[in-house]
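What follows is a single structure, written as structure tokens, with notes after it.
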Amino acid sequence: MTLPLIEKYRASKFSEIKGQDMAIHEIKTFFNGFPKKRALILNGPVGTGKTSMTIALANEYNLELFELNASDLRNRSKLEEVLKPASTQQSLFKKGKIILMDEADGITASDNGGLPELLVLISKSGFPIIITANDIWQRKFSLLRQKCQIVNLKELKEPTLVEIINEILKKENKHLKKETVNLIVKNAKGDVRSALNDLQTAISLGEDTLLSELSEREKQVTIFETLKKLFQSPFSSDTLEIFDNTSMELDEIALWIEENIPAEYEGKALAKAYESLSKSDIFKGRIYRQQYWRFLVYQNFFLSFGVSSASKVKSQKFTQYRPPSRILKIWLANQKNAKKKSIVSKYAQMSHMSKKKAMKESYFLPFIIDKKTEDKLDLDEKEREYLQDKRGAIIVSSGLNKFRIN
Ligand SMILES: Nc1ncnc2c1ncn2[C@@H]1O[C@H](COP(=O)(O)OP(=O)(O)O)[C@@H](O)[C@H]1O
Ligand SMILES: [Mg+2]
């Protein structure tokens, strides 16, 4: 497989674009008739066929596609190429070219942002213009909207996505479990691009790889939702169960909370939230030292209700929560170190050497310990994973990675 599936099976004819019959009808009417507007906006979520539809239009009407991006809008000579023919006064739609301004969302209204140039382009262009956007209803586009006909594309329905995936599987002569296909579709949320990317992972790296990738992604989504609830919903007794739906461990959740408290609280609330966080941390320490798991209740209490109740006033703003940066890395490194230590200690015992000596040789352990030895040492899954990671990393860093088979 050389081309990624998204390109290999890109819809390039109207008949290949599924679930967008209304939009196709509107775009055809626009180009067949005598439209009042000189430009057309294809508005819709990612992966619903906006770019493909423009390509299909060019193919079926035999037009050359001239692509512009936001920075081209500030490039005079590039613009002149498309503006020139206007002065020759030929009719708008008989010229054999369309201009595609793809993904216009990034264009800004400021002086050098490109939006004014785009408006000029629309009024002077000798060719019809297609603009694609994910959200044309942003305020900054109000003038642009008036100058264009708007065609809306919708997220694809699940059965349509299943159809698209199954057609590709057939062409690729591959088979996936029905549940995997359903899972891909559920995760795509109407986005064909995302579905095809996941399909690619399943086909080339295996269904298990896809599953673990999806669960990682799920974890991220749920921690975002959890943080939003924690900081922005009114607190109640339900707040105590707020972490029950995430598969993330309490310790890691605490790191996320710590990182994001300053983004949500200020002043007194900020201080209160940190106080709860530190109380929760004290109980965590007691749990570790005394193995007294009953304290989990308190750790959870201060982390959930404690942090949430630090402020009675709840903001409704959009916060882009950040993953815990430095601290998470240290924490992960410690986790790794713990694995290393436990492996070294098991190895030292088996080979009758001191732990200290074994630690000195730990760099070589990933190679000394083969699969059989792993069994003998009774390593758990995490420890095996650690060794496997190390083997890969060492090979890469010594430049042998070209011999690795992925
Ligand atoms: N409605 C659709 N029917 C069939 N395939 C689609 C559809 N929408 C998108 N695709 C496929 O998904 C991929 C991305 O489509 P694209 O047109 O780039 O989406 P957009 O521009 O809306 O983000 C392409 O491989 C395309 O063939
Ligand atoms: Mg696109």
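Every chain in the structure tokens has a letter given in the order shown (A, B, ...), and although residue numbers restart at 1 in each chain, ligands are simply numbered from 1 in the order shown.
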Point to revise | Nearby polymer residues, ligand 2, at most 8 Å, only C-alpha atoms and all ligand atoms, as a PyMOL selection string | key: chain A and resi 46-47+49-52+102-103+132
Any chance you could tabulate, as a Markdown table, the residues of chain A at most 7 Å from ligand 1 with each one's nearest atom pair and distance in Å to one decimal, using only C-alpha atoms and all ligand atoms, in chain and rising number order?
| residue | atom | partner | partner_atom_place_in_ligand_line | distance |
| --- | --- | --- | --- | --- |
| A:Leu5 | CA | ligand 1 | 25 (O) | 6.7 |
| A:Ile6 | CA | ligand 1 | 25 (O) | 3.5 |
| A:Glu7 | CA | ligand 1 | 25 (O) | 5.4 |
| A:Tyr9 | CA | ligand 1 | 25 (O) | 5.5 |
| A:Arg10 | CA | ligand 1 | 27 (O) | 3.3 |
| A:Ala11 | CA | ligand 1 | 27 (O) | 3.8 |
| A:Glu16 | CA | ligand 1 | 4 (C) | 5.8 |
| A:Ile17 | CA | ligand 1 | 3 (N) | 3.6 |
| A:Lys18 | CA | ligand 1 | 3 (N) | 3.7 |
| A:Gly19 | CA | ligand 1 | 1 (N) | 5.5 |
| A:Gln20 | CA | ligand 1 | 1 (N) | 5.8 |
| A:Gly44 | CA | ligand 1 | 22 (O) | 6.7 |
| A:Pro45 | CA | ligand 1 | 22 (O) | 6.3 |
| A:Val46 | CA | ligand 1 | 23 (O) | 3.9 |
| A:Gly47 | CA | ligand 1 | 19 (O) | 3.5 |
| A:Thr48 | CA | ligand 1 | 8 (N) | 3.7 |
| A:Gly49 | CA | ligand 1 | 8 (N) | 3.2 |
| A:Lys50 | CA | ligand 1 | 22 (O) | 3.8 |
| A:Thr51 | CA | ligand 1 | 21 (O) | 3.7 |
| A:Ser52 | CA | ligand 1 | 17 (O) | 3.6 |
| A:Met53 | CA | ligand 1 | 17 (O) | 6.3 |
| A:Leu156 | CA | ligand 1 | 1 (N) | 6.6 |
| A:Ile164 | CA | ligand 1 | 4 (C) | 6.5 |
| A:Val192 | CA | ligand 1 | 12 (O) | 4.4 |
| A:Arg193 | CA | ligand 1 | 12 (O) | 4.3 |
| A:Leu196 | CA | ligand 1 | 12 (O) | 6.9 |
Check your understanding: What lies within 12 Å of A:Asn59 using only C-alpha atoms, ignoring chain neighbours under 2 positions off, as an NGL selection string?
Key -> :A and (11-15 or 52-57 or 61-65 or 96-98)
Would you put the residues from that selection into a file with N, CA and C atoms, as a CSV table (one decimal), in the first residue's frame?
chain,number,residue,atom,x,y,z
A,11,ALA,N,-12.9,10.3,-3.3
A,11,ALA,CA,-14.1,10.4,-4.2
A,11,ALA,C,-13.7,11.5,-5.2
A,12,SER,N,-13.8,11.2,-6.5
A,12,SER,CA,-13.4,12.2,-7.5
A,12,SER,C,-14.5,12.4,-8.5
A,13,LYS,N,-15.6,11.7,-8.3
A,13,LYS,CA,-16.8,11.9,-9.1
A,13,LYS,C,-18.0,12.1,-8.2
A,14,PHE,N,-19.0,12.8,-8.7
A,14,PHE,CA,-20.2,13.1,-7.8
A,14,PHE,C,-20.8,11.8,-7.4
A,15,SER,N,-20.8,10.8,-8.3
A,15,SER,CA,-21.4,9.5,-7.9
A,15,SER,C,-20.7,8.8,-6.8
A,52,SER,N,-13.3,17.0,-1.8
A,52,SER,CA,-13.6,16.0,-2.9
A,52,SER,C,-14.7,16.5,-3.8
A,53,MET,N,-15.7,17.2,-3.3
A,53,MET,CA,-16.8,17.7,-4.1
A,53,MET,C,-16.3,18.7,-5.1
A,54,THR,N,-15.3,19.5,-4.7
A,54,THR,CA,-14.8,20.5,-5.6
A,54,THR,C,-14.0,19.8,-6.7
A,55,ILE,N,-13.2,18.8,-6.3
A,55,ILE,CA,-12.5,18.0,-7.3
A,55,ILE,C,-13.4,17.3,-8.3
A,56,ALA,N,-14.5,16.8,-7.8
A,56,ALA,CA,-15.5,16.1,-8.6
A,56,ALA,C,-16.1,17.1,-9.6
A,57,LEU,N,-16.4,18.3,-9.1
A,57,LEU,CA,-16.9,19.4,-10.0
A,57,LEU,C,-16.0,19.7,-11.1
A,61,TYR,N,-17.0,18.8,-15.0
A,61,TYR,CA,-17.3,19.9,-15.8
A,61,TYR,C,-16.0,20.3,-16.6
A,62,ASN,N,-15.1,19.4,-16.5
A,62,ASN,CA,-13.8,19.6,-17.3
A,62,ASN,C,-13.2,21.0,-17.0
A,63,LEU,N,-13.0,21.3,-15.8
A,63,LEU,CA,-12.5,22.6,-15.4
A,63,LEU,C,-11.1,22.4,-14.8
A,64,GLU,N,-10.2,23.3,-15.0
A,64,GLU,CA,-9.0,23.3,-14.3
A,64,GLU,C,-9.1,23.8,-12.9
A,65,LEU,N,-8.6,23.1,-11.9
A,65,LEU,CA,-8.7,23.6,-10.5
A,65,LEU,C,-7.5,24.4,-10.1
A,96,GLY,N,-13.3,27.5,-18.2
A,96,GLY,CA,-12.5,26.3,-18.0
A,96,GLY,C,-11.6,26.3,-16.7
A,97,LYS,N,-11.9,27.1,-15.7
A,97,LYS,CA,-11.2,27.2,-14.5
A,97,LYS,C,-12.1,27.4,-13.3
A,98,ILE,N,-11.8,26.8,-12.2
A,98,ILE,CA,-12.4,27.3,-11.0
A,98,ILE,C,-11.3,27.5,-9.9
I'd like the contact shell of stretch 302-319 of chain A - 6 Å cut-off, only C-alpha atoms, skipping same-chain residues fewer than 6 positions apart - returned as a CSV table (one decimal) with C-alpha atoms, in the first residue's frame.
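Listed below is the output, part_34.csv:
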chain,number,residue,atom,x,y,z
A,230,LEU,CA,-15.2,19.4,37.8
A,231,PHE,CA,-14.5,23.1,37.3
A,232,GLN,CA,-17.6,24.3,35.6
A,239,THR,CA,-19.3,15.4,42.3
A,240,LEU,CA,-17.9,12.6,44.4
A,269,ALA,CA,-10.7,30.0,44.8
A,272,LYS,CA,-8.6,26.9,48.1
A,273,ALA,CA,-8.3,24.5,45.2
A,276,SER,CA,-7.7,20.6,48.6
A,277,LEU,CA,-5.2,19.2,46.2
A,280,SER,CA,-5.6,14.9,48.7
**Study point:** Pick from A:Ala39, A:Lys178, A:Ala348, A:Ala333 nearest to A:Leu119, counting only C-alpha atoms
**Key:**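 The answer is A:Ala39, which sits nearest to A:Leu119.
Every protein or nucleic acid residue with an atom no more than 12 Å from A:Lys140, counting only C-alpha atoms and leaving out same-chain residues fewer than 4 positions away, appears here: A:Ala104, A:Asp105, A:Gly106, A:Ile107, A:Thr108, A:Ala109, A:Ser110, A:Gly113, A:Gly114, A:Leu115, A:Pro116, A:Asp135, A:Ile136, A:Leu144, A:Arg145, A:Gln146.
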Could those selected residues go to a file with N, CA and C atoms, as an mmCIF file, in the first residue's frame?
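The resulting file, out35.cif, is reproduced below:
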data_model
loop_
_atom_site.group_PDB
_atom_site.id
_atom_site.type_symbol
_atom_site.label_atom_id
_atom_site.label_comp_id
_atom_site.auth_asym_id
_atom_site.auth_seq_id
_atom_site.Cartn_x
_atom_site.Cartn_y
_atom_site.Cartn_z
ATOM 1 N N ALA A 104 -11.084 27.902 4.625
ATOM 2 C CA ALA A 104 -11.000 29.347 4.824
ATOM 3 C C ALA A 104 -11.054 29.750 6.292
ATOM 4 N N ASP A 105 -11.300 28.816 7.176
ATOM 5 C CA ASP A 105 -11.498 29.169 8.592
ATOM 6 C C ASP A 105 -10.350 29.969 9.182
ATOM 7 N N GLY A 106 -9.145 29.680 8.681
ATOM 8 C CA GLY A 106 -7.963 30.329 9.250
ATOM 9 C C GLY A 106 -7.781 31.765 8.807
ATOM 10 N N ILE A 107 -8.491 32.187 7.788
ATOM 11 C CA ILE A 107 -8.339 33.558 7.299
ATOM 12 C C ILE A 107 -8.830 34.526 8.358
ATOM 13 N N THR A 108 -8.049 35.585 8.580
ATOM 14 C CA THR A 108 -8.485 36.548 9.585
ATOM 15 C C THR A 108 -8.892 37.861 8.941
ATOM 16 N N ALA A 109 -9.660 38.599 9.689
ATOM 17 C CA ALA A 109 -10.233 39.827 9.144
ATOM 18 C C ALA A 109 -9.270 40.994 9.235
ATOM 19 N N SER A 110 -8.136 40.786 9.924
ATOM 20 C CA SER A 110 -7.218 41.901 10.124
ATOM 21 C C SER A 110 -6.594 42.356 8.804
ATOM 22 N N GLY A 113 -4.655 39.827 7.016
ATOM 23 C CA GLY A 113 -5.181 38.496 7.259
ATOM 24 C C GLY A 113 -5.738 37.824 6.029
ATOM 25 N N GLY A 114 -6.054 38.584 5.005
ATOM 26 C CA GLY A 114 -6.490 37.959 3.769
ATOM 27 C C GLY A 114 -7.972 38.093 3.463
ATOM 28 N N LEU A 115 -8.780 38.334 4.478
ATOM 29 C CA LEU A 115 -10.220 38.398 4.215
ATOM 30 C C LEU A 115 -10.600 39.551 3.263
ATOM 31 N N PRO A 116 -10.037 40.744 3.461
ATOM 32 C CA PRO A 116 -10.347 41.821 2.507
ATOM 33 C C PRO A 116 -9.945 41.443 1.082
ATOM 34 N N ASP A 135 -16.751 26.241 9.606
ATOM 35 C CA ASP A 135 -17.774 27.030 10.288
ATOM 36 C C ASP A 135 -17.823 28.435 9.716
ATOM 37 N N ILE A 136 -18.684 28.587 8.742
ATOM 38 C CA ILE A 136 -18.784 29.874 8.062
ATOM 39 C C ILE A 136 -19.633 30.852 8.861
ATOM 40 N N LEU A 144 -18.543 38.147 3.994
ATOM 41 C CA LEU A 144 -18.267 37.093 3.017
ATOM 42 C C LEU A 144 -19.529 36.286 2.716
ATOM 43 N N ARG A 145 -20.289 35.996 3.762
ATOM 44 C CA ARG A 145 -21.512 35.212 3.572
ATOM 45 C C ARG A 145 -22.483 35.894 2.630
ATOM 46 N N GLN A 146 -22.558 37.219 2.735
ATOM 47 C CA GLN A 146 -23.487 37.944 1.869
ATOM 48 C C GLN A 146 -23.119 37.839 0.399
#
Practice item. Please identify all polymer residues within 12 Å of A:Glu167, counting only C-alpha atoms, omitting same-chain residues fewer than 3 positions from it, and present them as an MDAnalysis selection string. Key: chainID A and resid 5 9 16 160:164 170:175 181 196 199
Writing out the chosen residues with C-alpha atoms as a CSV table (one decimal), in the first residue's frame:
chain,number,residue,atom,x,y,z
A,5,LEU,CA,-6.4,5.2,1.9
A,9,TYR,CA,-9.9,6.1,-2.6
A,16,GLU,CA,-18.7,8.5,-5.4
A,160,THR,CA,-23.2,5.3,5.0
A,161,LEU,CA,-19.8,5.1,6.7
A,162,VAL,CA,-20.1,1.3,7.0
A,163,GLU,CA,-20.8,1.2,3.3
A,164,ILE,CA,-17.8,3.3,2.5
A,170,LYS,CA,-13.4,-5.4,-0.6
A,171,LYS,CA,-11.2,-3.5,-3.0
A,172,GLU,CA,-8.2,-4.1,-0.7
A,173,ASN,CA,-9.2,-7.7,-0.3
A,174,LYS,CA,-9.0,-7.4,3.4
A,175,HIS,CA,-11.3,-8.5,6.2
A,181,VAL,CA,-15.9,-1.7,11.6
A,196,LEU,CA,-10.4,6.0,6.7
A,199,LEU,CA,-9.3,1.8,8.8
Practice item. From the DSSP assignment of the backbone, select every residue of stretch 143-188 of chain A that is alpha helix (DSSP H), and format the answer as a PyMOL selection string. Key: chain A and resi 143-147+158-172+178-188
Review point. Pick the closest to A:Trp256 from A:Ser325, A:Gln291, A:Ser215, A:Asn300: which is it, counting only C-alpha atoms?
Key: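 Between A:Ser325, A:Gln291, A:Ser215, A:Asn300, the residue approaching A:Trp256 most closely is A:Ser325.
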Check your understanding: So how far away is atom CA of A:Val151 from atom CA of A:Leu42, in Å?
Key ->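 Between atom CA of A:Leu42 and atom CA of A:Val151 the gap is 5.1 Å.
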Taking 2 positions as the minimum chain separation for residues in the same chain, which residues sit within 7 Å of A:Lys124 when counting only C-alpha atoms? Answer as an mmCIF file with C-alpha atoms, in the first residue's frame.
data_model
loop_
_atom_site.group_PDB
_atom_site.id
_atom_site.type_symbol
_atom_site.label_atom_id
_atom_site.label_comp_id
_atom_site.auth_asym_id
_atom_site.auth_seq_id
_atom_site.Cartn_x
_atom_site.Cartn_y
_atom_site.Cartn_z
ATOM 1 C CA LEU A 83 -7.770 38.291 -11.743
ATOM 2 C CA ALA A 86 -11.839 39.510 -15.775
ATOM 3 C CA VAL A 120 -11.866 41.791 -3.667
ATOM 4 C CA LEU A 121 -11.078 38.561 -5.418
ATOM 5 C CA ILE A 122 -14.720 37.567 -5.400
ATOM 6 C CA GLY A 126 -12.868 35.997 -13.893
#
Point to revise | Interatomic distance, atom CA of A:Glu155 to atom CA of A:Met22 (Å, one decimal) | key: 12.8 Å
Check your understanding: For A:Ala263, which residue among A:Asn134, A:Asn197, A:Gln320, A:Ser278 is the nearest when counting only C-alpha atoms?
Key -> A:Gln320
